[in-house]
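Data file: structure24.cif. Format and content: mmCIF, C-alpha atoms.
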data_final
#
loop_
_atom_site.label_atom_id
_atom_site.label_comp_id
_atom_site.auth_asym_id
_atom_site.auth_seq_id
_atom_site.Cartn_x
_atom_site.Cartn_y
_atom_site.Cartn_z
CA MET A 12 -26.92 282.66 71.85
CA TRP A 13 -29.16 280.03 73.31
CA ASN A 14 -32.33 279.74 75.35
CA TYR A 15 -33.17 276.90 77.70
CA GLU A 16 -36.45 274.95 77.76
CA LYS A 17 -37.05 273.51 81.20
CA ARG A 18 -38.03 270.02 80.06
CA LEU A 19 -36.29 266.99 78.60
CA GLN A 20 -36.73 266.29 74.89
CA TYR A 21 -38.29 263.01 76.01
CA PRO A 22 -39.14 262.23 79.67
CA VAL A 23 -36.71 260.15 81.71
CA LYS A 24 -38.24 258.42 84.72
CA ILE A 25 -36.16 255.55 86.06
CA THR A 26 -37.60 253.79 89.08
CA GLN A 27 -34.68 251.53 90.00
CA THR A 28 -31.01 252.41 90.25
CA ASN A 29 -28.40 250.38 88.36
CA PRO A 30 -24.79 251.60 88.58
CA GLU A 31 -23.51 248.82 86.27
CA ILE A 32 -25.64 250.05 83.39
CA ALA A 33 -24.87 253.69 84.24
CA GLN A 34 -21.16 253.01 83.68
CA VAL A 35 -21.90 251.84 80.15
CA ILE A 36 -24.49 254.49 79.26
CA ILE A 37 -22.19 257.35 80.32
CA SER A 38 -20.23 256.70 77.10
CA GLN A 39 -23.14 258.15 75.16
CA TYR A 40 -22.50 261.39 77.09
CA GLY A 41 -18.73 261.81 76.99
CA GLY A 42 -17.47 258.90 74.87
CA PRO A 43 -15.99 259.02 71.33
CA ASP A 44 -19.43 258.79 69.68
CA GLY A 45 -21.33 260.54 72.45
CA GLU A 46 -23.78 263.39 72.26
CA LEU A 47 -21.34 265.95 73.67
CA ALA A 48 -18.88 265.26 70.83
CA ALA A 49 -21.77 265.38 68.37
CA SER A 50 -22.91 268.78 69.58
CA MET A 51 -19.39 270.25 69.70
CA ARG A 52 -18.55 268.96 66.22
CA TYR A 53 -21.57 270.59 64.55
CA LEU A 54 -21.25 273.82 66.48
CA ALA A 55 -17.51 274.03 65.72
CA GLN A 56 -17.81 273.25 62.00
CA ARG A 57 -20.56 275.75 61.23
CA TYR A 58 -18.44 278.91 61.18
CA THR A 59 -16.56 278.01 58.02
CA MET A 60 -19.47 276.30 56.26
CA PRO A 61 -19.82 278.31 53.03
CA TYR A 62 -23.57 277.70 52.52
CA ASN A 63 -26.09 279.46 54.77
CA THR A 64 -28.55 276.59 54.50
CA VAL A 65 -25.97 274.02 55.62
CA THR A 66 -24.83 276.33 58.44
CA GLY A 67 -28.48 276.28 59.51
CA VAL A 68 -28.48 272.49 59.64
CA LEU A 69 -25.24 272.40 61.66
CA THR A 70 -26.55 275.03 64.10
CA ASP A 71 -29.91 273.34 64.61
CA ILE A 72 -28.57 269.79 64.89
CA GLY A 73 -25.75 270.97 67.18
CA THR A 74 -28.42 272.55 69.37
CA GLU A 75 -30.56 269.42 69.39
CA GLU A 76 -27.55 267.33 70.46
CA LEU A 77 -27.36 269.44 73.64
CA ALA A 78 -30.85 268.20 74.48
CA HIS A 79 -29.68 264.65 73.73
CA PHE A 80 -26.83 264.70 76.21
CA GLU A 81 -29.15 266.25 78.76
CA MET A 82 -31.33 263.12 78.46
CA ILE A 83 -28.28 260.83 78.75
CA CYS A 84 -27.15 262.73 81.85
CA ALA A 85 -30.66 262.39 83.31
CA ILE A 86 -30.49 258.62 82.72
CA VAL A 87 -27.07 258.27 84.39
CA TYR A 88 -28.10 260.58 87.22
CA GLN A 89 -31.27 258.61 87.96
CA LEU A 90 -29.50 255.23 87.63
CA THR A 91 -27.00 256.26 90.32
CA ARG A 92 -29.21 258.30 92.65
CA ASN A 93 -28.79 257.67 96.40
CA LEU A 94 -26.45 254.67 96.04
CA THR A 95 -25.20 253.09 99.26
CA PRO A 96 -21.44 252.59 99.83
CA GLU A 97 -21.99 248.82 99.38
CA GLU A 98 -23.77 249.28 96.05
CA ILE A 99 -21.00 251.58 94.85
CA LYS A 100 -18.29 249.05 95.72
CA GLU A 101 -20.06 245.93 94.49
CA SER A 102 -20.98 247.44 91.12
CA GLY A 103 -17.48 248.68 90.33
CA PHE A 104 -18.80 252.24 90.35
CA ASP A 105 -16.18 253.03 93.02
CA LYS A 106 -13.58 253.84 90.35
CA TYR A 107 -15.78 256.65 89.05
CA TYR A 108 -17.08 257.64 92.47
CA VAL A 109 -13.63 258.29 93.93
CA ASP A 110 -13.09 261.21 91.54
CA HIS A 111 -16.61 262.45 90.80
CA THR A 112 -18.93 261.11 93.54
CA LEU A 113 -22.40 260.90 91.96
CA ALA A 114 -21.78 264.02 89.89
CA LEU A 115 -21.96 263.92 86.09
CA TRP A 116 -18.62 264.09 84.29
CA PRO A 117 -18.16 263.46 80.56
CA GLN A 118 -16.12 260.31 80.03
CA ALA A 119 -16.19 257.13 77.93
CA ALA A 120 -17.28 253.85 79.51
CA GLY A 121 -13.62 252.85 79.84
CA GLY A 122 -12.86 255.96 81.87
CA ILE A 123 -11.22 258.00 79.10
CA PRO A 124 -12.11 261.67 79.60
CA PHE A 125 -14.01 263.55 76.91
CA ASN A 126 -11.75 265.56 74.67
CA ALA A 127 -11.92 267.39 71.35
CA CYS A 128 -9.93 264.64 69.59
CA GLU A 129 -13.26 262.77 69.37
CA PHE A 130 -14.24 264.97 66.43
CA GLN A 131 -12.79 266.97 63.57
CA SER A 132 -13.32 270.45 62.15
CA LYS A 133 -11.40 271.11 58.92
CA GLY A 134 -13.10 273.94 57.08
CA ASP A 135 -13.65 271.81 53.98
CA VAL A 136 -17.31 271.15 53.13
CA ILE A 137 -16.96 267.54 51.98
CA THR A 138 -14.47 266.59 54.69
CA ASP A 139 -16.60 268.00 57.50
CA LEU A 140 -19.86 266.53 56.20
CA MET A 141 -18.21 263.11 55.72
CA GLU A 142 -16.93 263.35 59.29
CA ASP A 143 -20.46 264.17 60.49
CA MET A 144 -21.92 261.17 58.67
CA ALA A 145 -19.21 258.83 59.99
CA ALA A 146 -19.82 260.05 63.54
CA ASP A 147 -23.59 260.19 63.60
CA ALA A 148 -24.04 256.85 61.86
CA THR A 149 -22.65 255.27 65.00
CA SER A 150 -24.82 256.94 67.60
CA MET B 17 -34.63 245.94 87.04
CA ASN B 18 -37.88 247.82 86.76
CA ILE B 19 -37.75 250.82 84.48
CA GLY B 20 -41.30 252.02 84.19
CA CYS B 21 -42.57 254.64 81.81
CA LYS B 22 -46.20 254.10 82.62
CA PRO B 23 -46.17 256.91 85.21
CA CYS B 24 -45.58 259.28 82.25
CA MET B 25 -49.23 258.86 81.36
CA ASP B 26 -50.68 259.12 84.84
CA SER B 27 -51.67 262.72 85.11
CA GLU B 28 -52.99 265.63 83.13
CA ARG B 29 -49.72 267.42 83.71
CA GLN B 30 -47.68 264.60 82.22
CA ARG B 31 -50.12 264.24 79.33
CA LEU B 32 -49.78 267.92 78.49
CA LEU B 33 -46.01 267.77 78.72
CA LEU B 34 -45.90 264.74 76.42
CA GLU B 35 -48.12 266.61 73.96
CA ILE B 36 -45.63 269.49 73.98
CA SER B 37 -42.80 266.97 73.34
CA LYS B 38 -44.69 265.51 70.37
CA VAL B 39 -45.44 268.88 68.78
CA ASP B 40 -41.88 270.04 69.40
CA PHE B 41 -40.52 266.89 67.74
CA ALA B 42 -42.52 267.71 64.61
CA LEU B 43 -41.26 271.30 64.77
CA LYS B 44 -37.65 270.18 65.09
CA GLU B 45 -37.94 267.90 62.05
CA LEU B 46 -39.63 270.64 60.02
CA ASN B 47 -36.91 273.06 61.15
CA LEU B 48 -34.16 270.77 59.80
CA TYR B 49 -36.09 270.05 56.61
CA LEU B 50 -36.68 273.75 55.93
CA ASP B 51 -32.99 274.54 56.47
CA THR B 52 -32.23 272.71 53.23
CA HIS B 53 -35.63 273.33 51.54
CA PRO B 54 -36.08 277.03 52.38
CA TYR B 55 -38.72 277.71 49.71
CA ASP B 56 -41.04 274.81 50.47
CA GLN B 57 -44.38 276.55 51.07
CA GLN B 58 -46.12 273.49 52.49
CA GLY B 59 -43.23 272.94 54.91
CA MET B 60 -43.40 276.54 56.08
CA GLU B 61 -47.17 276.36 56.51
CA ASN B 62 -46.77 273.19 58.60
CA PHE B 63 -44.14 274.93 60.71
CA ARG B 64 -46.44 277.91 61.30
CA GLN B 65 -49.28 275.65 62.44
CA TYR B 66 -47.21 273.49 64.79
CA ASN B 67 -45.43 276.57 66.17
CA ALA B 68 -48.75 278.21 67.04
CA LEU B 69 -49.92 274.96 68.64
CA LYS B 70 -46.73 274.64 70.69
CA ASN B 71 -47.00 278.22 71.94
CA LYS B 72 -50.58 277.60 73.01
CA LEU B 73 -49.69 274.35 74.80
CA VAL B 74 -46.69 275.94 76.57
CA LYS B 75 -48.89 278.86 77.66
CA ASP B 76 -51.54 276.43 79.00
CA TYR B 77 -48.87 274.42 80.82
CA THR B 78 -47.27 277.52 82.32
CA GLU B 79 -50.57 278.84 83.65
CA LYS B 80 -51.40 275.51 85.29
CA TYR B 81 -48.06 274.15 86.44
CA GLY B 82 -45.13 276.54 85.99
CA PRO B 83 -42.69 277.89 83.42
CA LEU B 84 -40.98 275.89 80.67
CA VAL B 85 -39.40 278.88 78.89
CA LEU B 86 -38.37 282.30 80.16
CA SER B 87 -40.27 284.07 77.38
CA ILE B 88 -43.58 282.81 78.81
CA VAL B 89 -43.67 283.19 82.60
CA ASP B 90 -46.44 284.03 85.04
CA MET B 91 -45.37 287.48 86.26
CA ASP B 92 -48.47 287.79 88.49
CA SER B 93 -47.02 285.14 90.79
CA ARG B 94 -45.05 286.24 93.86
CA GLU B 95 -42.72 283.29 93.33
CA TRP B 96 -39.95 282.80 90.73
CA LYS B 97 -41.03 279.24 89.95
CA TRP B 98 -38.39 278.82 87.24
CA ALA B 99 -35.87 278.29 90.04
CA THR B 100 -37.98 276.92 92.90
CA GLN B 101 -39.61 274.06 90.98
CA ASP B 102 -37.80 270.77 90.25
CA TRP B 103 -35.44 270.55 87.30
CA PRO B 104 -36.36 268.12 84.52
CA TRP B 105 -33.72 265.46 85.21
CA GLU B 106 -35.22 264.73 88.64
CA GLY B 107 -37.76 262.43 86.96
CA GLY B 108 -40.81 264.29 88.18
CA TYR B 109 -43.28 265.78 85.76
CA ASN B 110 -40.75 267.01 83.27
#

Just dump the structure as structure tokens.
Amino acid sequence: MWNYEKRLQYPVKITQTNPEIAQVIISQYGGPDGELAASMRYLAQRYTMPYNTVTGVLTDIGTEELAHFEMICAIVYQLTRNLTPEEIKESGFDKYYVDHTLALWPQAAGGIPFNACEFQSKGDVITDLMEDMAADATS
Amino acid sequence: MNIGCKPCMDSERQRLLLEISKVDFALKELNLYLDTHPYDQQGMENFRQYNALKNKLVKDYTEKYGPLVLSIVDMDSREWKWATQDWPWEGGYN
């Protein structure tokens, strides 16, 4: 089980909105190398990891990644807070807004929805750890 | 575009919260290190010290400003501040 700490891992305080940048940064939430995929990969792989110590690493990193996507979501949320209809249209944020308004939804910058095909879980120690290194070296 | 982080340092509340972040970062790294070095006595001693420090800082913060974790809450208050105070992504103090 998990417990929540009511703080971000590092503070996010954005003073000026910027929907163009938000559309790029959202990939780090729900994109192929995003924090959500990172967290789900570690937390999925840990059950069949045959070494307790390595299961510990997968559990604790998978947990930390949850705090990472919370920071990314805070960034996107603050970059798009209180946008006017004109700002939404001019920035191209309208294509996201039509389906999600200013709510957070995990997708890649190109609009591809998050899905489990972004990561792998094979039950083989070397395969899974290689997959982790390939994924986390990019983000 | 003006993305300022200077306000982070503007108040005692923010300073205390940043201190908690720093100590927790050290704890997280020690946690991961100890997972694969479970008999490292120095590592465990460092973890004990930072853990005690974090608990003290979180207790101080909670008494002054409100809860960060459900295991340390001010039950003398008539208000369930966990839910009434801002959530961390709002860009306020936390």

* For chain B against chain A, which residues fall within 12 Å using all atoms listed in the file, given as a ChimeraX atom specification? -> /B:17-25,30-31,33-55,74,77-78,82-89,97-99,101-110

* Go through A:Lys100, A:Lys106, A:Lys133, A:His79 one by one, measure the shortest atom-to-atom distance of each to A:Gly41 using only C-alpha atoms, and give the residue with the smallest value. => A:His79

How big is the axis-aligned box around all listed atoms of stretch 37-43 of chain B once 4 Å goes on each side, and where's its centre, in Å to one decimal, as JSON?
{"center_x": -43.0, "center_y": 268.4, "center_z": 69.0, "size_x": 12.9, "size_y": 13.8, "size_z": 16.7}

* **Atomic separation - atom CA of A:Leu47 relative to atom CA of A:Val136, Å** => 21.6 Å

* Might you pull out every residue within 8 Å of stretch 141-144 of chain A, with all atoms listed in the file counted and same-chain residues fewer than 6 positions away left off, and present them as a PyMOL selection string? => chain A and resi 52-53+130-131

* **Neighbour list for A:Asp135 as a list in words, cut-off 12 Å, only C-alpha atoms, skip fewer than 6 positions in-chain** => Gln56, Arg57, Tyr58, Thr59, Met60, Pro61, Tyr62, Met141 and Glu142 of chain A

* Give me the result of the PyMOL selection byres ((chain A and resi 31) around 8) on this file, residue by residue, as a VMD selection string. => chain A and resid 29 to 30 32 to 35 102 to 104

* For atom CA of B:Leu73 and atom CA of B:Leu32, quote the distance in Å rounded to one decimal. => 7.4 Å

* Asked: So how far away is atom CA of A:Tyr107 from atom CA of A:Ala145, in Å?
  ->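 Atom CA of A:Tyr107 lies 29.3 Å from atom CA of A:Ala145.
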
* Report as a VMD selection string the residues that result from applying the PyMOL selection byres ((chain A and resi 115) around 9) to the structure here. => chain A and resid 37 84 87 to 88 111 to 114 116 to 117
